[in-house]
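Chemist: I am attaching a structure below and will ask some questions about it afterwards.
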Amino acid sequence: MIIAVDGPSAAGKGTLARGLAQHFGYHFLDTGALYRMVGLKMLRAGADFSEAVRAAQIAQELDVNEFEDADLRTEAVGAAASRVAVIPEVRSALLQFQREFAKREPGAVLDGRDIGTVICPHADFKFFVTASAKARSLRRFKELLGLGIPVTLEGVTADIIARDARDASRATAPTKAADDAIVVDTTLMTAAEALKFALAAIETSTK
Ligand code: DC
């Protein structure tokens, strides 16, 4: 069983994907963390984002045990992730790991931007989680403050708009709802309501 959860930044896809994984007892993969780790390593190496070969090399050598790094959640690393994510060689270096993860039994939930369109086009269920730019900026702002990261709402809003524009307009695997994805607009929903909505959609289509 594979559940794909895609959508723009801070729409609530991670929370929904984790909730679904917990509900069904499935494995969960935050695929954004893979791109964030490549972005973080490029930043720490002082590398230029146009160095595709270097970025792809880093992607190939990723160690999932390093994923607890606190810097991974910062906006700077989110922006770096979005920049390395446009490099086709980086995406192909990360593709196999994600596809193998998706095969885990009894099931897997993956969240990202291209899970339903490229990584797992045959996923059993696909959700595209979205929300207004204002709601997403406010959520990310509160989340970062909660993590003790000093930010302003204006700064977070500008970062989110720039990042989503880059993610949605890149040539390879842009953020896009699959034709058969169920759209979940969380602008006016709590996390619990979004999970309830998704579970109801799964139940209806498995009847
Ligand atoms: O989900 P996130 O905000 O942690 O993702 C960080 C960046 O990584 C995002 O701006 C685009 C990129 N990304 C991607 O291109 N494809 C994915 N499946 C997941 C993330």
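Letters A, B, ... mark the chains of the structure tokens in the order given; residue numbers begin at 1 per chain; ligand numbers begin at 1, in order shown.
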May I have the residues within 10 Å of region 158-169 of chain A as a list in words, using only C-alpha atoms and disregarding those fewer than 6 positions away in the same chain?
Modeler: Gly7, Pro8, Ser9, Ala10, Glu75, Ala76, Gly78, Ala79, Ala80, Ala81, Ser82, Arg83, Ala85, Val86, Arg113, Ala133, Lys134, Arg136, Ser137, Arg140, Thr175 and Lys176 of chain A
Chemist: Write a file of the just-selected residues containing N, CA and C atoms, as an mmCIF file, in the first residue's frame.
Modeler:
```cif
data_model
loop_
_atom_site.group_PDB
_atom_site.id
_atom_site.type_symbol
_atom_site.label_atom_id
_atom_site.label_comp_id
_atom_site.auth_asym_id
_atom_site.auth_seq_id
_atom_site.Cartn_x
_atom_site.Cartn_y
_atom_site.Cartn_z
ATOM 1 N N GLY A 7 2.345 18.637 -2.312
ATOM 2 C CA GLY A 7 1.789 19.980 -2.164
ATOM 3 C C GLY A 7 2.877 20.996 -1.903
ATOM 4 N N PRO A 8 2.504 22.291 -1.923
ATOM 5 C CA PRO A 8 3.491 23.350 -1.680
ATOM 6 C C PRO A 8 3.928 23.405 -0.216
ATOM 7 N N SER A 9 4.880 24.287 0.076
ATOM 8 C CA SER A 9 5.433 24.422 1.434
ATOM 9 C C SER A 9 4.372 24.812 2.454
ATOM 10 N N ALA A 10 4.490 24.220 3.619
ATOM 11 C CA ALA A 10 3.674 24.586 4.782
ATOM 12 C C ALA A 10 2.169 24.481 4.557
ATOM 13 N N GLU A 75 14.699 28.111 7.221
ATOM 14 C CA GLU A 75 14.268 28.602 5.906
ATOM 15 C C GLU A 75 15.438 28.653 4.926
ATOM 16 N N ALA A 76 16.638 28.956 5.447
ATOM 17 C CA ALA A 76 17.809 29.020 4.555
ATOM 18 C C ALA A 76 18.049 27.653 3.918
ATOM 19 N N GLY A 78 15.720 25.327 3.589
ATOM 20 C CA GLY A 78 14.569 25.085 2.705
ATOM 21 C C GLY A 78 14.817 25.698 1.328
ATOM 22 N N ALA A 79 15.344 26.906 1.324
ATOM 23 C CA ALA A 79 15.632 27.592 0.052
ATOM 24 C C ALA A 79 16.750 26.867 -0.701
ATOM 25 N N ALA A 80 17.774 26.423 0.036
ATOM 26 C CA ALA A 80 18.883 25.685 -0.595
ATOM 27 C C ALA A 80 18.362 24.368 -1.184
ATOM 28 N N ALA A 81 17.449 23.721 -0.456
ATOM 29 C CA ALA A 81 16.864 22.458 -0.935
ATOM 30 C C ALA A 81 16.130 22.691 -2.247
ATOM 31 N N SER A 82 15.369 23.776 -2.294
ATOM 32 C CA SER A 82 14.601 24.089 -3.497
ATOM 33 C C SER A 82 15.539 24.362 -4.683
ATOM 34 N N ARG A 83 16.712 24.920 -4.403
ATOM 35 C CA ARG A 83 17.669 25.217 -5.485
ATOM 36 C C ARG A 83 18.356 23.956 -5.994
ATOM 37 N N ALA A 85 17.010 21.090 -5.836
ATOM 38 C CA ALA A 85 15.939 20.232 -6.360
ATOM 39 C C ALA A 85 15.647 20.468 -7.836
ATOM 40 N N VAL A 86 16.152 21.581 -8.400
ATOM 41 C CA VAL A 86 15.931 21.812 -9.835
ATOM 42 C C VAL A 86 16.935 21.013 -10.677
ATOM 43 N N ARG A 113 6.826 16.630 -3.392
ATOM 44 C CA ARG A 113 6.267 17.483 -4.447
ATOM 45 C C ARG A 113 5.881 16.668 -5.680
ATOM 46 N N ALA A 133 -1.680 31.188 0.377
ATOM 47 C CA ALA A 133 -0.300 31.598 0.687
ATOM 48 C C ALA A 133 -0.249 32.246 2.073
ATOM 49 N N LYS A 134 -1.306 32.974 2.429
ATOM 50 C CA LYS A 134 -1.340 33.658 3.714
ATOM 51 C C LYS A 134 -1.371 32.636 4.865
ATOM 52 N N ARG A 136 -0.389 29.557 4.785
ATOM 53 C CA ARG A 136 0.851 28.777 4.820
ATOM 54 C C ARG A 136 1.998 29.583 5.438
ATOM 55 N N SER A 137 2.048 30.870 5.103
ATOM 56 C CA SER A 137 3.107 31.712 5.666
ATOM 57 C C SER A 137 2.966 31.826 7.179
ATOM 58 N N ARG A 140 4.056 28.535 8.842
ATOM 59 C CA ARG A 140 5.501 28.337 8.847
ATOM 60 C C ARG A 140 6.163 29.303 9.840
ATOM 61 N N THR A 175 6.243 20.821 -8.702
ATOM 62 C CA THR A 175 5.117 20.578 -7.791
ATOM 63 C C THR A 175 3.840 20.603 -8.622
ATOM 64 N N LYS A 176 3.086 19.516 -8.566
ATOM 65 C CA LYS A 176 1.899 19.419 -9.426
ATOM 66 C C LYS A 176 0.970 18.358 -8.864
#
```
Chemist: Which residues are close to Thr172 (chain A), i.e. within 7 Å by only C-alpha atoms, leaving aside same-chain residues fewer than 2 positions away? Reply as a list in words.
Modeler: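 Result of the neighbour search: Val86, Pro88, Arg170 and Pro174 of chain A.
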Chemist: Save out the residues we just selected, N, CA and C atoms, as a short mmCIF file (atom, residue, chain, number, x, y, z; two decimals), in the first residue's frame.
Modeler:
```cif
data_model
loop_
_atom_site.label_atom_id
_atom_site.label_comp_id
_atom_site.auth_asym_id
_atom_site.auth_seq_id
_atom_site.Cartn_x
_atom_site.Cartn_y
_atom_site.Cartn_z
N VAL A 86 16.15 21.58 -8.40
CA VAL A 86 15.93 21.81 -9.84
C VAL A 86 16.93 21.01 -10.68
N PRO A 88 18.37 18.00 -12.36
CA PRO A 88 17.86 16.66 -12.69
C PRO A 88 18.72 15.53 -12.12
N ARG A 170 9.98 24.56 -12.19
CA ARG A 170 11.18 23.88 -12.71
C ARG A 170 10.77 22.86 -13.78
N PRO A 174 8.10 19.21 -11.45
CA PRO A 174 7.61 20.36 -10.67
C PRO A 174 6.48 19.97 -9.71
#
```
Chemist: In Å, rounded to a single decimal, give me how far CA of Thr130 (chain A) is from CA of Phe49 (chain A).
Modeler: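 Separation between CA of Phe49 (chain A) and CA of Thr130 (chain A): 27.8 Å.
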Chemist: In Å to one decimal, how far is CA of Ala11 (chain A) from CA of Gln96 (chain A)?
Modeler: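 So the answer is 26.0 Å.
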Chemist: Between A:Ala70, A:Leu20, A:Ala56, A:Val84, which residue has the minimum interatomic distance to ligand 1, considering only C-alpha atoms and all ligand atoms?
Modeler: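 Of all the options, A:Val84 lies closest to ligand 1.
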Chemist: Under the rule that only C-alpha atoms and all ligand atoms are counted, which of A:Asp114, A:Glu100, A:Glu51, A:Glu105 is the nearest residue to ligand 1?
Modeler: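 Of A:Asp114, A:Glu100, A:Glu51, A:Glu105, the one nearest ligand 1, counting only C-alpha atoms and all ligand atoms, is A:Asp114.
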Chemist: Per DSSP on the backbone, what are the alpha helix (DSSP H) residues of chain A, as number ranges by chain?
Modeler: A: 13-24, 32-44, 52-60, 75-84, 88-102, 133-146, 153-169, 191-206
Chemist: By how many Å are CA of Lys196 (chain A) and atom 15 (O, counted along the ligand's line) of ligand 1 apart?
Modeler: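 Interatomic distance here is 26.9 Å.
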Chemist: Of the candidates A:Ala21, A:Leu110, A:Ala198, A:Leu188, which one gets nearest to ligand 1 if we count only C-alpha atoms and all ligand atoms?
Modeler: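 Nearest to ligand 1: A:Leu110.
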Chemist: Need the shell around Gln57 (chain A): protein/DNA/RNA residues with any atom at most 12 Å away, counting only C-alpha atoms. Skip same-chain ones fewer than 2 positions apart. Format as a PDB file with N, CA and C atoms, in the first residue's frame?
Modeler:
```pdb
ATOM      1  N   VAL A  38      20.805  17.621   1.096  1.00  0.00           N
ATOM      2  CA  VAL A  38      21.722  17.970  -0.004  1.00  0.00           C
ATOM      3  C   VAL A  38      21.993  19.480   0.039  1.00  0.00           C
ATOM      4  N   LYS A  41      24.321  20.386   2.959  1.00  0.00           N
ATOM      5  CA  LYS A  41      25.720  19.999   2.715  1.00  0.00           C
ATOM      6  C   LYS A  41      26.378  20.921   1.695  1.00  0.00           C
ATOM      7  N   MET A  42      25.609  21.376   0.730  1.00  0.00           N
ATOM      8  CA  MET A  42      26.154  22.329  -0.256  1.00  0.00           C
ATOM      9  C   MET A  42      26.476  23.651   0.448  1.00  0.00           C
ATOM     10  N   GLU A  51      26.731  23.995  -9.256  1.00  0.00           N
ATOM     11  CA  GLU A  51      27.643  22.847  -9.369  1.00  0.00           C
ATOM     12  C   GLU A  51      26.845  21.539  -9.322  1.00  0.00           C
ATOM     13  N   ALA A  52      26.262  21.193 -10.457  1.00  0.00           N
ATOM     14  CA  ALA A  52      25.359  20.040 -10.530  1.00  0.00           C
ATOM     15  C   ALA A  52      26.056  18.721 -10.181  1.00  0.00           C
ATOM     16  N   VAL A  53      27.284  18.555 -10.653  1.00  0.00           N
ATOM     17  CA  VAL A  53      27.989  17.287 -10.420  1.00  0.00           C
ATOM     18  C   VAL A  53      28.240  17.091  -8.925  1.00  0.00           C
ATOM     19  N   ARG A  54      28.654  18.186  -8.285  1.00  0.00           N
ATOM     20  CA  ARG A  54      28.933  18.116  -6.845  1.00  0.00           C
ATOM     21  C   ARG A  54      27.646  17.822  -6.057  1.00  0.00           C
ATOM     22  N   ALA A  55      26.560  18.489  -6.423  1.00  0.00           N
ATOM     23  CA  ALA A  55      25.285  18.274  -5.729  1.00  0.00           C
ATOM     24  C   ALA A  55      24.806  16.830  -5.918  1.00  0.00           C
ATOM     25  N   ALA A  59      24.119  13.914  -3.168  1.00  0.00           N
ATOM     26  CA  ALA A  59      22.834  13.196  -3.128  1.00  0.00           C
ATOM     27  C   ALA A  59      23.056  11.687  -3.130  1.00  0.00           C
ATOM     28  N   GLN A  60      24.040  11.246  -3.904  1.00  0.00           N
ATOM     29  CA  GLN A  60      24.311   9.806  -3.990  1.00  0.00           C
ATOM     30  C   GLN A  60      24.853   9.243  -2.683  1.00  0.00           C
ATOM     31  N   GLU A  61      25.558  10.103  -1.926  1.00  0.00           N
ATOM     32  CA  GLU A  61      26.225   9.620  -0.711  1.00  0.00           C
ATOM     33  C   GLU A  61      25.457   9.941   0.565  1.00  0.00           C
ATOM     34  N   LEU A  62      24.191  10.333   0.459  1.00  0.00           N
ATOM     35  CA  LEU A  62      23.422  10.717   1.650  1.00  0.00           C
ATOM     36  C   LEU A  62      23.353   9.581   2.663  1.00  0.00           C
ATOM     37  N   VAL A  84      18.713  23.042  -5.089  1.00  0.00           N
ATOM     38  CA  VAL A  84      19.335  21.802  -5.591  1.00  0.00           C
ATOM     39  C   VAL A  84      18.286  20.890  -6.236  1.00  0.00           C
ATOM     40  N   ILE A  87      17.976  20.475 -10.031  1.00  0.00           N
ATOM     41  CA  ILE A  87      19.041  19.778 -10.776  1.00  0.00           C
ATOM     42  C   ILE A  87      18.589  18.337 -11.078  1.00  0.00           C
ATOM     43  N   GLU A  89      20.060  15.729 -12.098  1.00  0.00           N
ATOM     44  CA  GLU A  89      20.959  14.664 -11.595  1.00  0.00           C
ATOM     45  C   GLU A  89      20.746  14.422 -10.096  1.00  0.00           C
ATOM     46  N   VAL A  90      20.391  15.474  -9.373  1.00  0.00           N
ATOM     47  CA  VAL A  90      20.112  15.310  -7.937  1.00  0.00           C
ATOM     48  C   VAL A  90      18.823  14.504  -7.785  1.00  0.00           C
ATOM     49  N   ARG A  91      17.812  14.861  -8.577  1.00  0.00           N
ATOM     50  CA  ARG A  91      16.533  14.157  -8.479  1.00  0.00           C
ATOM     51  C   ARG A  91      16.695  12.681  -8.840  1.00  0.00           C
ATOM     52  N   SER A  92      17.483  12.395  -9.888  1.00  0.00           N
ATOM     53  CA  SER A  92      17.608  10.981 -10.252  1.00  0.00           C
ATOM     54  C   SER A  92      18.446  10.217  -9.236  1.00  0.00           C
ATOM     55  N   ALA A  93      19.388  10.902  -8.559  1.00  0.00           N
ATOM     56  CA  ALA A  93      20.185  10.213  -7.532  1.00  0.00           C
ATOM     57  C   ALA A  93      19.307   9.825  -6.332  1.00  0.00           C
ATOM     58  N   LEU A  94      18.227  10.564  -6.100  1.00  0.00           N
ATOM     59  CA  LEU A  94      17.365  10.299  -4.940  1.00  0.00           C
ATOM     60  C   LEU A  94      16.159   9.414  -5.279  1.00  0.00           C
TER      61      LEU A  94
END
```
Chemist: Find, counting only C-alpha atoms and all ligand atoms, the residue in A:Ala131, A:Ala108, A:Val184, A:Ala173 that gets nearest to ligand 1.
Modeler: A:Ala173
Chemist: With only C-alpha atoms as the atoms that count, which of A:Thr74, A:Thr190, A:Gln98, A:Thr204 lies nearest to Val151 (chain A)?
Modeler: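 Going through A:Thr74, A:Thr190, A:Gln98, A:Thr204 one by one, the smallest distance to Val151 (chain A) is for A:Thr74.
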Chemist: Can you work out which one of A:Gly14, A:Gly19, A:Gly146, A:Gly32 has the shortest atom-to-atom distance to ligand 1, counting only C-alpha atoms and all ligand atoms?
Modeler: A:Gly32
Chemist: Report as a VMD selection string all protein, DNA and RNA residues lying within 12 Å of Gln22 (chain A), evaluated on only C-alpha atoms, omitting residues in the same chain fewer than 4 positions from it.
Modeler: chain A and resid 15 to 18 26 to 28 107 to 109 195 199
Chemist: Now that the selection is made, can you save its residues with N, CA, C and O atoms as an mmCIF file, in the first residue's frame?
Modeler:
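The result, written out as again.cif:
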```
data_model
loop_
_atom_site.group_PDB
_atom_site.id
_atom_site.type_symbol
_atom_site.label_atom_id
_atom_site.label_comp_id
_atom_site.auth_asym_id
_atom_site.auth_seq_id
_atom_site.Cartn_x
_atom_site.Cartn_y
_atom_site.Cartn_z
ATOM 1 N N THR A 15 2.200 16.936 8.187
ATOM 2 C CA THR A 15 1.336 16.566 9.314
ATOM 3 C C THR A 15 0.312 15.528 8.864
ATOM 4 O O THR A 15 0.072 14.536 9.566
ATOM 5 N N LEU A 16 -0.261 15.740 7.687
ATOM 6 C CA LEU A 16 -1.248 14.780 7.186
ATOM 7 C C LEU A 16 -0.584 13.433 6.900
ATOM 8 O O LEU A 16 -1.110 12.378 7.282
ATOM 9 N N ALA A 17 0.574 13.468 6.260
ATOM 10 C CA ALA A 17 1.261 12.217 5.904
ATOM 11 C C ALA A 17 1.643 11.427 7.171
ATOM 12 O O ALA A 17 1.448 10.212 7.234
ATOM 13 N N ARG A 18 2.146 12.136 8.173
ATOM 14 C CA ARG A 18 2.498 11.469 9.435
ATOM 15 C C ARG A 18 1.257 10.876 10.095
ATOM 16 O O ARG A 18 1.287 9.764 10.623
ATOM 17 N N TYR A 26 1.869 2.470 8.936
ATOM 18 C CA TYR A 26 2.757 2.412 7.765
ATOM 19 C C TYR A 26 4.055 3.184 8.033
ATOM 20 O O TYR A 26 4.137 4.002 8.939
ATOM 21 N N HIS A 27 5.033 2.947 7.193
ATOM 22 C CA HIS A 27 6.298 3.690 7.255
ATOM 23 C C HIS A 27 6.070 5.083 6.674
ATOM 24 O O HIS A 27 5.218 5.256 5.806
ATOM 25 N N PHE A 28 6.869 6.037 7.139
ATOM 26 C CA PHE A 28 6.697 7.417 6.671
ATOM 27 C C PHE A 28 8.024 7.976 6.168
ATOM 28 O O PHE A 28 9.057 7.828 6.833
ATOM 29 N N GLY A 107 3.049 -0.953 4.374
ATOM 30 C CA GLY A 107 2.695 0.174 3.525
ATOM 31 C C GLY A 107 3.594 1.353 3.818
ATOM 32 O O GLY A 107 4.346 1.339 4.799
ATOM 33 N N ALA A 108 3.536 2.362 2.953
ATOM 34 C CA ALA A 108 4.376 3.542 3.145
ATOM 35 C C ALA A 108 3.629 4.797 2.716
ATOM 36 O O ALA A 108 2.846 4.772 1.766
ATOM 37 N N VAL A 109 3.884 5.859 3.473
ATOM 38 C CA VAL A 109 3.337 7.173 3.125
ATOM 39 C C VAL A 109 4.539 8.066 2.835
ATOM 40 O O VAL A 109 5.448 8.168 3.667
ATOM 41 N N LEU A 195 -6.933 15.258 8.480
ATOM 42 C CA LEU A 195 -6.746 13.806 8.580
ATOM 43 C C LEU A 195 -8.088 13.091 8.435
ATOM 44 O O LEU A 195 -8.192 12.090 7.700
ATOM 45 N N LEU A 199 -8.954 10.368 5.576
ATOM 46 C CA LEU A 199 -9.367 9.003 5.950
ATOM 47 C C LEU A 199 -10.731 8.683 5.352
ATOM 48 O O LEU A 199 -10.964 7.562 4.876
#
```
Chemist: Which polymer residues have any atom within 12 Å of an atom of Lys126 (chain A), counting only C-alpha atoms, with same-chain residues fewer than 3 positions away left out, as a PyMOL selection string?
Modeler: chain A and resi 1-7+13+16-17+20+109-123+129+176-184+198-199+201-202+205
Chemist: Which residues in chain A does DSSP call strand (DSSP E)? List them as a list in words.
Modeler: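 These are the residues in question: Ile2, Ile3, Ala4, Val5, Asp6, His27, Phe28, Leu29, Asp30, Ala108, Val109, Leu110, Asp111, Gly112, Phe125, Lys126, Phe127, Phe128, Val129, Thr130, Ile182, Val183, Val184 and Asp185 of chain A.
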